[in-house]
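Chemist: Below is the file query.txt, which contains compact mmCIF, C-alpha atoms.
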# COMPACT_ATOMS: atom_id res chain seq x y z
CA MET A 145 142.98 96.91 156.91
CA ARG A 146 139.73 98.58 155.89
CA ALA A 147 136.78 96.27 155.24
CA TYR A 148 135.87 98.20 152.09
CA ASP A 149 137.72 100.43 149.65
CA CYS A 150 134.42 101.82 148.34
CA ASP A 151 130.69 101.32 148.56
CA VAL A 152 129.93 100.59 144.90
CA LEU A 153 132.39 99.39 142.27
CA VAL A 154 131.28 99.95 138.67
CA VAL A 155 132.98 97.88 135.96
CA GLY A 156 132.88 99.77 132.67
CA GLY A 157 133.47 103.43 131.82
CA GLY A 158 131.10 103.81 128.91
CA ILE A 159 128.10 106.10 129.02
CA VAL A 160 125.95 103.60 130.99
CA GLY A 161 128.60 102.96 133.66
CA LEU A 162 129.36 106.66 134.05
CA SER A 163 125.66 107.57 134.14
CA THR A 164 125.21 104.96 136.87
CA ALA A 165 128.06 106.44 138.93
CA TYR A 166 126.61 109.93 138.45
CA ALA A 167 123.12 108.74 139.45
CA ILE A 168 124.39 107.05 142.62
CA THR A 169 126.19 110.19 143.75
CA ARG A 170 123.01 112.22 143.20
CA ALA A 171 120.61 109.70 144.76
CA ARG A 172 122.71 109.11 147.87
CA PRO A 173 125.39 111.77 148.38
CA GLY A 174 128.40 110.49 150.26
CA THR A 175 128.25 107.02 148.70
CA HIS A 176 131.79 106.22 147.59
CA VAL A 177 131.78 105.01 143.97
CA VAL A 178 134.76 103.73 141.98
CA VAL A 179 134.53 103.15 138.22
CA LEU A 180 137.00 100.74 136.63
CA GLU A 181 137.65 101.22 132.91
CA LYS A 182 140.20 99.07 131.09
CA GLU A 183 140.88 101.67 128.40
CA PRO A 184 142.96 104.84 128.87
CA GLY A 185 139.86 107.03 128.70
CA PRO A 186 136.04 106.88 128.77
CA ALA A 187 133.61 105.94 126.01
CA LEU A 188 136.07 104.36 123.57
CA HIS A 189 133.82 101.53 122.41
CA GLN A 190 130.05 101.53 121.80
CA THR A 191 129.52 105.00 123.27
CA GLY A 192 132.16 106.68 121.13
CA ARG A 193 131.60 104.70 117.94
CA ASN A 194 127.93 105.22 117.15
CA SER A 195 126.14 107.69 114.89
CA GLY A 196 125.40 110.17 117.71
CA VAL A 197 121.64 110.03 117.18
CA ILE A 198 119.29 110.97 120.02
CA HIS A 199 116.55 108.45 119.27
CA SER A 200 112.89 109.37 119.75
CA GLY A 201 111.66 105.97 120.97
CA ILE A 202 109.34 105.33 118.03
CA TYR A 203 110.65 101.86 117.16
CA TYR A 204 110.28 100.05 120.45
CA ARG A 205 107.51 97.85 121.80
CA PRO A 206 105.05 99.94 123.83
CA GLY A 207 105.63 99.48 127.54
CA SER A 208 109.14 98.06 127.09
CA LEU A 209 112.12 99.51 128.90
CA LYS A 210 113.53 100.63 125.55
CA ALA A 211 110.36 102.55 124.71
CA ARG A 212 109.95 104.16 128.14
CA PHE A 213 113.62 104.95 128.69
CA ALA A 214 114.26 106.19 125.13
CA VAL A 215 111.31 108.62 125.13
CA ARG A 216 112.24 109.91 128.56
CA GLY A 217 115.96 109.77 127.84
CA ALA A 218 115.74 111.75 124.61
CA ALA A 219 114.18 114.72 126.38
CA GLU A 220 116.62 114.42 129.28
CA MET A 221 119.63 114.14 126.96
CA VAL A 222 118.69 117.37 125.17
CA LYS A 223 118.22 119.08 128.53
CA PHE A 224 121.52 117.69 129.87
CA CYS A 225 123.44 118.84 126.78
CA THR A 226 121.84 122.29 127.04
CA GLU A 227 122.64 122.67 130.74
CA HIS A 228 126.26 121.58 130.31
CA ASP A 229 126.89 123.38 127.00
CA LEU A 230 127.53 120.14 125.08
CA PRO A 231 127.13 120.09 121.28
CA HIS A 232 123.70 118.89 120.21
CA GLU A 233 120.83 119.71 117.87
CA VAL A 234 117.22 118.59 117.61
CA THR A 235 116.99 117.98 113.87
CA GLY A 236 113.99 115.70 113.45
CA LYS A 237 114.20 112.75 111.08
CA LEU A 238 112.40 111.08 108.22
CA ILE A 239 111.55 107.38 108.08
CA VAL A 240 111.01 106.72 104.39
CA ALA A 241 109.15 103.94 102.58
CA THR A 242 110.71 103.43 99.17
CA ASP A 243 108.05 101.08 97.77
CA GLN A 244 104.42 100.12 98.32
CA ALA A 245 105.32 96.90 100.15
CA GLU A 246 106.78 98.93 103.02
CA LEU A 247 103.67 101.02 103.62
CA PRO A 248 102.01 98.65 106.13
CA ARG A 249 105.18 98.65 108.25
CA LEU A 250 105.38 102.45 108.00
CA HIS A 251 101.77 102.78 109.16
CA ALA A 252 102.48 100.37 112.02
CA LEU A 253 105.33 102.66 113.08
CA VAL A 254 102.96 105.63 113.12
CA GLN A 255 100.69 103.72 115.49
CA ARG A 256 103.60 102.58 117.65
CA GLY A 257 104.94 106.12 117.85
CA ARG A 258 101.58 107.39 119.04
CA GLU A 259 101.35 104.62 121.65
CA ASN A 260 104.81 105.58 122.90
CA GLY A 261 103.92 109.28 123.07
CA VAL A 262 106.16 110.26 120.14
CA PRO A 263 104.68 112.97 117.88
CA VAL A 264 104.78 111.95 114.22
CA ARG A 265 103.62 113.53 110.99
CA GLU A 266 102.77 111.50 107.88
CA LEU A 267 104.21 112.77 104.59
CA GLY A 268 103.69 112.20 100.89
CA PRO A 269 106.43 112.40 98.20
CA ALA A 270 106.15 116.18 97.76
CA GLN A 271 106.39 116.76 101.50
CA ILE A 272 109.44 114.51 101.72
CA ALA A 273 111.14 116.83 99.24
CA GLU A 274 110.40 119.83 101.46
CA TYR A 275 112.52 118.29 104.21
CA GLU A 276 115.06 116.44 102.06
CA PRO A 277 115.11 117.57 98.41
CA HIS A 278 117.44 114.75 97.30
CA VAL A 279 115.62 111.90 99.05
CA ARG A 280 113.01 109.88 97.18
CA GLY A 281 110.21 107.80 98.66
CA THR A 282 106.62 106.69 98.33
CA ALA A 283 105.68 107.97 101.78
CA ALA A 284 107.38 108.92 105.02
CA ILE A 285 106.88 109.97 108.59
CA HIS A 286 108.58 112.91 110.23
CA VAL A 287 109.67 112.46 113.85
CA GLY A 288 110.40 115.88 115.28
CA SER A 289 111.99 114.85 118.59
CA THR A 290 115.03 113.07 117.09
CA GLY A 291 118.39 114.84 117.28
CA VAL A 292 122.15 114.40 117.36
CA CYS A 293 124.85 114.97 119.93
CA ASP A 294 128.39 113.94 120.86
CA TYR A 295 128.01 110.99 123.22
CA GLY A 296 131.72 110.91 123.93
CA ALA A 297 131.44 114.46 125.24
CA VAL A 298 128.39 113.47 127.30
CA ALA A 299 130.32 110.56 128.84
CA ARG A 300 133.28 112.78 129.71
CA CYS A 301 130.90 115.27 131.33
CA LEU A 302 129.24 112.52 133.38
CA ALA A 303 132.68 111.33 134.54
CA ARG A 304 133.59 114.86 135.61
CA LEU A 305 130.30 115.38 137.47
CA ALA A 306 130.62 112.04 139.25
CA GLU A 307 134.19 112.85 140.27
CA ASP A 308 133.13 116.29 141.48
CA ALA A 309 130.65 114.48 143.75
CA GLY A 310 133.36 112.26 145.20
CA ALA A 311 133.46 109.29 142.80
CA SER A 312 136.73 107.97 141.42
CA VAL A 313 137.19 106.92 137.78
CA ARG A 314 140.25 104.75 137.18
CA TYR A 315 141.46 104.16 133.65
CA GLY A 316 143.70 101.33 132.48
CA ALA A 317 142.16 99.20 135.24
CA GLU A 318 140.70 96.01 133.78
CA ALA A 319 138.74 93.71 136.10
CA ARG A 320 140.64 90.40 135.93
CA ALA A 321 139.15 88.47 138.87
CA ILE A 322 135.96 88.93 140.92
CA GLY A 323 134.96 87.14 144.07
CA ARG A 324 132.70 87.44 147.10
CA ARG A 325 134.54 87.62 150.39
CA GLY A 326 132.17 87.65 153.31
CA ALA A 327 130.02 90.73 152.95
CA ALA A 328 132.35 92.25 150.34
CA VAL A 329 132.91 91.91 146.61
CA ALA A 330 136.61 91.84 145.77
CA VAL A 331 138.00 92.74 142.35
CA ARG A 332 141.57 92.27 141.22
CA THR A 333 142.56 94.57 138.38
CA GLY A 334 145.16 94.19 135.66
CA LEU A 335 147.31 96.59 137.65
CA GLY A 336 147.52 94.00 140.44
CA GLU A 337 145.50 95.95 142.99
CA VAL A 338 142.57 94.42 144.87
CA LEU A 339 139.53 96.58 145.60
CA ARG A 340 136.80 95.62 148.05
CA ALA A 341 133.31 97.01 147.68
CA ARG A 342 129.93 96.53 149.30
CA ALA A 343 128.32 96.08 145.86
CA LEU A 344 129.43 95.64 142.27
CA VAL A 345 127.76 96.92 139.10
CA ASN A 346 128.64 95.31 135.77
CA CYS A 347 128.34 97.82 132.91
CA ALA A 348 130.99 96.16 130.75
CA GLY A 349 129.06 96.37 127.45
CA LEU A 350 130.75 94.08 124.94
CA HIS A 351 132.13 92.04 127.83
CA SER A 352 129.14 92.13 130.17
CA ASP A 353 128.38 88.40 129.98
CA SER A 354 132.05 87.56 130.55
CA VAL A 355 132.20 89.81 133.61
CA ALA A 356 129.03 88.18 134.98
CA ARG A 357 130.63 84.75 134.62
CA LEU A 358 133.84 86.09 136.16
CA ALA A 359 131.73 87.08 139.16
CA GLY A 360 130.31 83.56 139.43
CA ASP A 361 126.89 84.36 137.94
CA ASP A 362 125.29 82.66 134.93
CA PRO A 363 124.06 85.47 132.67
CA GLY A 364 121.85 83.14 130.62
CA VAL A 365 122.82 85.03 127.46
CA ARG A 366 125.87 85.40 125.26
CA ILE A 367 127.04 88.67 123.79
CA VAL A 368 127.32 88.22 120.02
CA PRO A 369 129.25 91.16 118.55
CA PHE A 370 128.06 92.72 115.29
CA ARG A 371 130.32 95.12 113.42
CA GLY A 372 128.61 98.14 111.92
CA GLU A 373 130.46 99.68 108.99
CA TYR A 374 129.99 103.29 107.91
CA PHE A 375 130.84 105.45 104.95
CA GLU A 376 131.01 109.23 104.99
CA LEU A 377 129.85 111.53 102.20
CA ALA A 378 132.69 113.40 100.52
CA PRO A 379 132.68 117.04 101.73
CA ALA A 380 131.54 118.35 98.36
CA ARG A 381 128.47 116.09 98.47
CA ARG A 382 127.28 116.73 102.03
CA GLU A 383 124.53 119.03 100.78
CA LEU A 384 122.68 115.92 99.59
CA VAL A 385 121.50 115.30 103.17
CA ARG A 386 120.09 117.99 105.46
CA GLY A 387 119.33 115.90 108.55
CA LEU A 388 118.50 112.28 109.41
CA VAL A 389 116.92 109.83 106.97
CA TYR A 390 116.07 106.21 107.83
CA PRO A 391 114.54 103.32 105.90
CA VAL A 392 111.54 101.43 107.25
CA PRO A 393 113.08 98.79 109.54
CA ASP A 394 112.44 95.06 109.45
CA PRO A 395 110.71 94.27 112.76
CA ALA A 396 112.22 90.76 112.75
CA PHE A 397 115.73 92.14 113.21
CA PRO A 398 117.02 94.71 115.73
CA PHE A 399 119.07 96.73 113.25
CA LEU A 400 117.67 99.78 111.50
CA GLY A 401 119.33 99.34 108.11
CA VAL A 402 121.56 101.72 106.18
CA HIS A 403 120.54 105.26 107.07
CA LEU A 404 121.78 108.80 106.49
CA THR A 405 122.96 110.88 109.42
CA ARG A 406 124.20 114.47 109.45
CA GLY A 407 126.27 114.60 112.62
CA ILE A 408 126.79 117.44 115.02
CA ASP A 409 130.05 118.30 113.23
CA GLY A 410 128.37 118.54 109.80
CA THR A 411 129.72 115.27 108.44
CA VAL A 412 127.19 112.92 106.83
CA HIS A 413 127.47 109.21 107.56
CA LEU A 414 125.80 106.36 105.71
CA GLY A 415 125.32 103.07 107.52
CA PRO A 416 125.76 100.98 109.43
CA ASN A 417 125.34 97.52 108.07
CA ALA A 418 125.51 94.67 110.60
CA VAL A 419 127.89 91.75 110.15
CA PRO A 420 129.18 89.26 112.74
CA ALA A 421 132.47 90.44 114.22
CA LEU A 422 135.24 87.92 114.90
CA ALA A 423 136.14 89.60 118.19
CA ARG A 424 134.31 91.57 120.87
CA GLU A 425 136.25 94.63 119.74
CA GLY A 426 136.59 93.46 116.15
CA TYR A 427 136.57 96.81 114.39
CA GLY A 428 138.59 95.49 111.46
CA ARG A 429 137.47 92.63 109.21
CA LEU A 430 140.70 90.77 109.95
CA THR A 431 140.61 91.34 113.71
CA VAL A 432 140.21 87.87 115.22
CA ARG A 433 140.44 86.80 118.85
CA PRO A 434 140.22 83.01 118.74
CA ARG A 435 139.01 82.61 122.32
CA GLU A 436 136.21 85.13 121.87
CA LEU A 437 135.28 83.68 118.48
CA ALA A 438 135.16 80.19 119.97
CA GLY A 439 132.81 81.50 122.65
CA THR A 440 130.47 82.89 120.01
CA VAL A 441 130.61 79.82 117.78
CA GLY A 442 130.19 77.49 120.76
CA TRP A 443 126.99 79.20 121.92
CA PRO A 444 123.94 77.26 120.61
CA GLY A 445 122.04 80.48 120.12
CA SER A 446 124.57 81.67 117.53
CA TRP A 447 123.72 78.74 115.26
CA GLN A 448 119.99 79.15 115.80
CA LEU A 449 120.33 82.84 114.99
CA ALA A 450 122.28 82.12 111.81
CA ARG A 451 119.77 79.49 110.71
CA ARG A 452 116.84 81.82 111.32
CA HIS A 453 118.29 84.94 109.68
CA TRP A 454 120.80 83.60 107.13
CA ARG A 455 119.17 85.37 104.20
CA TYR A 456 119.24 88.76 105.95
CA GLY A 457 122.78 88.10 107.12
CA ALA A 458 123.96 87.22 103.63
CA GLY A 459 122.76 90.59 102.39
CA GLU A 460 124.62 92.37 105.19
CA VAL A 461 127.83 90.48 104.40
CA ARG A 462 127.43 91.34 100.72
CA ARG A 463 127.16 95.03 101.57
CA SER A 464 130.22 94.68 103.77
CA LEU A 465 132.37 93.15 101.05
CA SER A 466 131.07 95.25 98.15
CA LYS A 467 131.07 99.04 98.14
CA ARG A 468 128.85 98.84 95.09
CA ALA A 469 126.26 96.80 97.02
CA PHE A 470 126.43 99.25 99.94
CA THR A 471 125.91 102.14 97.51
CA GLU A 472 122.89 100.38 96.01
CA ALA A 473 121.32 100.17 99.46
CA ALA A 474 121.96 103.88 100.06
CA ARG A 475 120.60 104.78 96.62
CA ARG A 476 117.18 103.47 97.59
CA LEU A 477 116.90 106.56 99.78
CA LEU A 478 119.37 108.87 98.04
CA PRO A 479 119.33 108.16 94.28
CA GLU A 480 122.03 110.72 93.42
CA VAL A 481 124.77 109.17 95.57
CA THR A 482 127.56 107.26 93.82
CA ALA A 483 130.30 104.97 95.04
CA GLU A 484 132.81 107.76 94.35
CA ASP A 485 130.97 109.95 96.88
CA LEU A 486 131.63 107.52 99.74
CA ILE A 487 134.67 107.65 102.01
CA PRO A 488 135.28 104.83 104.55
CA ALA A 489 134.56 105.93 108.12
CA PRO A 490 135.44 104.31 111.46
CA PRO A 491 133.26 101.27 112.26
CA GLY A 492 131.59 100.32 115.52
CA VAL A 493 130.67 97.05 117.22
CA ARG A 494 127.27 96.44 118.78
CA ALA A 495 126.97 94.18 121.83
CA GLN A 496 123.83 92.10 121.16
CA ALA A 497 122.69 89.61 123.79
CA VAL A 498 121.43 86.33 122.34
CA LEU A 499 119.53 83.65 124.26
CA ARG A 500 120.43 79.96 124.05
CA ASP A 501 117.54 79.33 121.61
CA GLY A 502 118.81 82.02 119.21
CA THR A 503 116.36 84.72 120.26
CA LEU A 504 117.78 88.22 120.08
CA VAL A 505 117.11 90.01 123.37
CA ASP A 506 115.04 92.95 122.17
CA ASP A 507 114.92 94.99 125.39
CA PHE A 508 117.36 96.29 127.95
CA LEU A 509 118.21 93.43 130.29
CA PHE A 510 119.31 93.68 133.91
CA ALA A 511 120.04 90.84 136.32
CA GLY A 512 121.11 90.63 139.91
CA SER A 513 122.57 88.38 142.57
CA PRO A 514 123.60 89.18 146.16
CA ARG A 515 125.63 92.42 146.13
CA MET A 516 125.78 92.47 142.30
CA VAL A 517 123.90 94.12 139.43
CA HIS A 518 124.56 93.12 135.82
CA VAL A 519 123.59 95.18 132.76
CA LEU A 520 123.45 92.35 130.21
CA ASN A 521 121.87 94.00 127.18
CA ALA A 522 122.19 97.73 126.51
CA PRO A 523 122.66 98.32 122.78
CA SER A 524 121.03 101.21 120.91
CA PRO A 525 119.16 103.24 122.14
CA ALA A 526 121.16 102.91 125.37
CA ALA A 527 123.14 106.09 124.71
CA THR A 528 119.91 108.05 124.24
CA ALA A 529 118.47 106.41 127.35
CA ALA A 530 121.67 106.61 129.41
CA LEU A 531 120.29 108.94 132.08
CA PRO A 532 117.18 106.90 132.99
CA ILE A 533 119.16 103.65 132.64
CA GLY A 534 121.74 105.05 135.05
CA ARG A 535 119.04 105.87 137.58
CA GLU A 536 117.53 102.38 137.28
CA VAL A 537 120.88 100.67 137.74
CA ALA A 538 121.72 103.03 140.61
CA ARG A 539 118.44 102.11 142.32
CA ARG A 540 119.32 98.41 142.05
CA ALA A 541 122.87 99.01 143.24
CA LEU A 542 121.72 100.97 146.29
CA ARG A 543 119.33 98.15 147.15
CA ALA A 544 122.23 95.72 146.80
CA LEU A 545 124.12 97.67 149.46
CA THR A 546 121.62 96.35 152.00
CA HIS A 547 122.30 92.80 150.74
CA VAL A 548 118.86 92.52 149.18
CA ALA A 549 119.01 90.94 145.74
CA PRO A 550 118.00 93.65 143.23
As structure tokens - that is how I would like this structure written.

Modeler:
Amino acid sequence: MRAYDCDVLVVGGGIVGLSTAYAITRARPGTHVVVLEKEPGPALHQTGRNSGVIHSGIYYRPGSLKARFAVRGAAEMVKFCTEHDLPHEVTGKLIVATDQAELPRLHALVQRGRENGVPVRELGPAQIAEYEPHVRGTAAIHVGSTGVCDYGAVARCLARLAEDAGASVRYGAEARAIGRRGAAVAVRTGLGEVLRARALVNCAGLHSDSVARLAGDDPGVRIVPFRGEYFELAPARRELVRGLVYPVPDPAFPFLGVHLTRGIDGTVHLGPNAVPALAREGYGRLTVRPRELAGTVGWPGSWQLARRHWRYGAGEVRRSLSKRAFTEAARRLLPEVTAEDLIPAPPGVRAQAVLRDGTLVDDFLFAGSPRMVHVLNAPSPAATAALPIGREVARRALRALTHVAP
């Protein structure tokens, strides 16, 4: 019997897992990589259910992984899409203050953008109308490096490139048990097969903390799933939005608020809001997985989070339950939109890591143990930053091959 079936086993076939596999094959050709994905195809959860925005990196704390990887990743994503003939467009976006109280936060974003190396242009009301004639605001900033693409297509391309370099991507193969056996990591899949690897990489997204515990490691965080609900503008009303329009975000919360996004296919989405999901893959309001819900409710950080942000959360729930309330939020940016203009669109679920004290992890988070690398927090802008994240995780995985804790 062979000691190993592969060198590196990657759990999770979203854009981060596939970028990691691709990066390993480029960094060390000949390294045998196997990706395990429980779904029948790649990118069916966070990667394939977001707004498709290539973020500029303006929002994130200077010096953070999010800031550095998003700025770098945005440029690399545009280049990658161009080289591989994937649909994309650099559209630029507006971040719009709708009242005077938001101006200090808008000006702080200008400063943050400049610290992060993101070119921004400050606009008055008349200049806003030049970019977006139907949008109203007191002031705005234009971020020229923002764009849109099809992240599902990017993930499929990464899978193909990794396979061309010798990697194997196995679908319908859920990791059910993980253990260390001597110098190997052994994984039993839902198909009943056991694979032995020299190192394991956990890129399981919504299930990343569960996979870490399955491997015998304490992640120190709990993934709390938040459902993001979208509406789409009726085809006859799409001319109301030319590109991307965002509100000024609340720095106390990691969500950007209801925004307007013209996608690569010409559809215009409004959203998302952010409400607690009752399952890790709780795309429907009535989708409940009692075991997963119990895990969320039983985590002390969930209660601390609710206590700290209950007022914000109540507003999000209200917008979830009331189309009228959602429309009111959108009308702050787009006064002409009506409830009749909005068509329900597929929702997404964000995997947000929460610490025991209720603190929302606000940066990408990696952890390691002998022969293992865990990606424990990679929400937005992880798709934008997928290429540099993949290289970072690949670097840690290749170090783990020598049995040095990453």

Chemist: So that I can see what lies close to A:Glu425, please list as a compact mmCIF listing (two decimals) with C-alpha atoms, in the frame of the given file the residues with an atom at most 9 Å from it, counting all atoms listed in the file and leaving out residues fewer than 3 positions away in the same chain.

Modeler:
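Written file, selection-v7.txt:
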# COMPACT_ATOMS: atom_id res chain seq x y z
CA HIS A 189 133.82 101.53 122.41
CA LEU A 350 130.75 94.08 124.94
CA PRO A 369 129.25 91.16 118.55
CA ARG A 371 130.32 95.12 113.42
CA ALA A 421 132.47 90.44 114.22
CA LEU A 422 135.24 87.92 114.90
CA GLY A 428 138.59 95.49 111.46
CA THR A 431 140.61 91.34 113.71
CA ARG A 433 140.44 86.80 118.85
CA GLY A 492 131.59 100.32 115.52
CA VAL A 493 130.67 97.05 117.22

Chemist: Measuring atom to atom with all atoms listed in the file, identify which of A:Gly192, A:Gly323, A:Gly439, A:Gly217 is nearest to A:Ala530.

Modeler: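 Closest to A:Ala530 of all the choices is A:Gly217.
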
Chemist: Leaving out A:Pro206 and any residue of its chain fewer than 3 positions from it, which residues lie within 10 Å of it when counting all atoms listed in the file, given as a PyMOL selection string?

Modeler: chain A and resi 201-203+209-212+256-261

Chemist: Closest to A:Gly156 among A:Arg382, A:Arg205, A:His453, A:His351, using all atoms listed in the file?

Modeler: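 Closest candidate: A:His351.
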
Chemist: Can you list, as number ranges by chain, every protein, DNA or RNA residue that comes within 9 Å of stretch 446-449 of chain A when you count only C-alpha atoms, leaving out same-chain residues fewer than 6 positions away?

Modeler: A: 366, 368, 440, 498-504

Chemist: Would you pick out the contacts of stretch 262-269 of chain A at 6 Å or less, using all atoms listed in the file, so that residues sharing its chain but fewer than 5 positions from it are not included, and give the list as a ChimeraX atom specification?

Modeler: /A:257,281-287

Chemist: Can you tell me, as a PDB file with C-alpha atoms, in the coordinates of the input, what residues are no more than 10 Å from A:Tyr390 when counting all atoms listed in the file, ignoring any on the same chain fewer than 5 positions away?

Modeler:
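So the final result, stored in selection-v8.pdb, reads:
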ATOM      1  CA  LYS A 237     114.200 112.750 111.080  1.00  0.00           C
ATOM      2  CA  LEU A 238     112.400 111.080 108.220  1.00  0.00           C
ATOM      3  CA  ILE A 239     111.550 107.380 108.080  1.00  0.00           C
ATOM      4  CA  VAL A 240     111.010 106.720 104.390  1.00  0.00           C
ATOM      5  CA  ALA A 241     109.150 103.940 102.580  1.00  0.00           C
ATOM      6  CA  ALA A 284     107.380 108.920 105.020  1.00  0.00           C
ATOM      7  CA  ILE A 285     106.880 109.970 108.590  1.00  0.00           C
ATOM      8  CA  LEU A 400     117.670  99.780 111.500  1.00  0.00           C
ATOM      9  CA  GLY A 401     119.330  99.340 108.110  1.00  0.00           C
ATOM     10  CA  VAL A 402     121.560 101.720 106.180  1.00  0.00           C
ATOM     11  CA  HIS A 403     120.540 105.260 107.070  1.00  0.00           C
ATOM     12  CA  LEU A 404     121.780 108.800 106.490  1.00  0.00           C
ATOM     13  CA  THR A 405     122.960 110.880 109.420  1.00  0.00           C
ATOM     14  CA  LEU A 414     125.800 106.360 105.710  1.00  0.00           C
ATOM     15  CA  GLY A 415     125.320 103.070 107.520  1.00  0.00           C
ATOM     16  CA  LEU A 477     116.900 106.560  99.780  1.00  0.00           C
TER      17      LEU A 477
END

Chemist: If you measure from atom CA of A:Leu344 to atom CA of A:Pro173, what distance in Å do you get, rounded to one decimal?

Modeler: 17.7 Å

Chemist: Counting only C-alpha atoms, which of A:Asn346, A:Ser195, A:Ser208, A:Thr164 gets nearest to A:Asp507?

Modeler: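 Closest candidate: A:Ser208.
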
Chemist: Show me, as AutoDock Vina command-line options, the centre and edge lengths in Å to one decimal of the axis-aligned box that covers every listed atom of stretch 389-393 of chain A with 8 Å on each side.

Modeler:
--center_x 114.2 --center_y 104.3 --center_z 107.7 --size_x 21.4 --size_y 27.0 --size_z 19.6
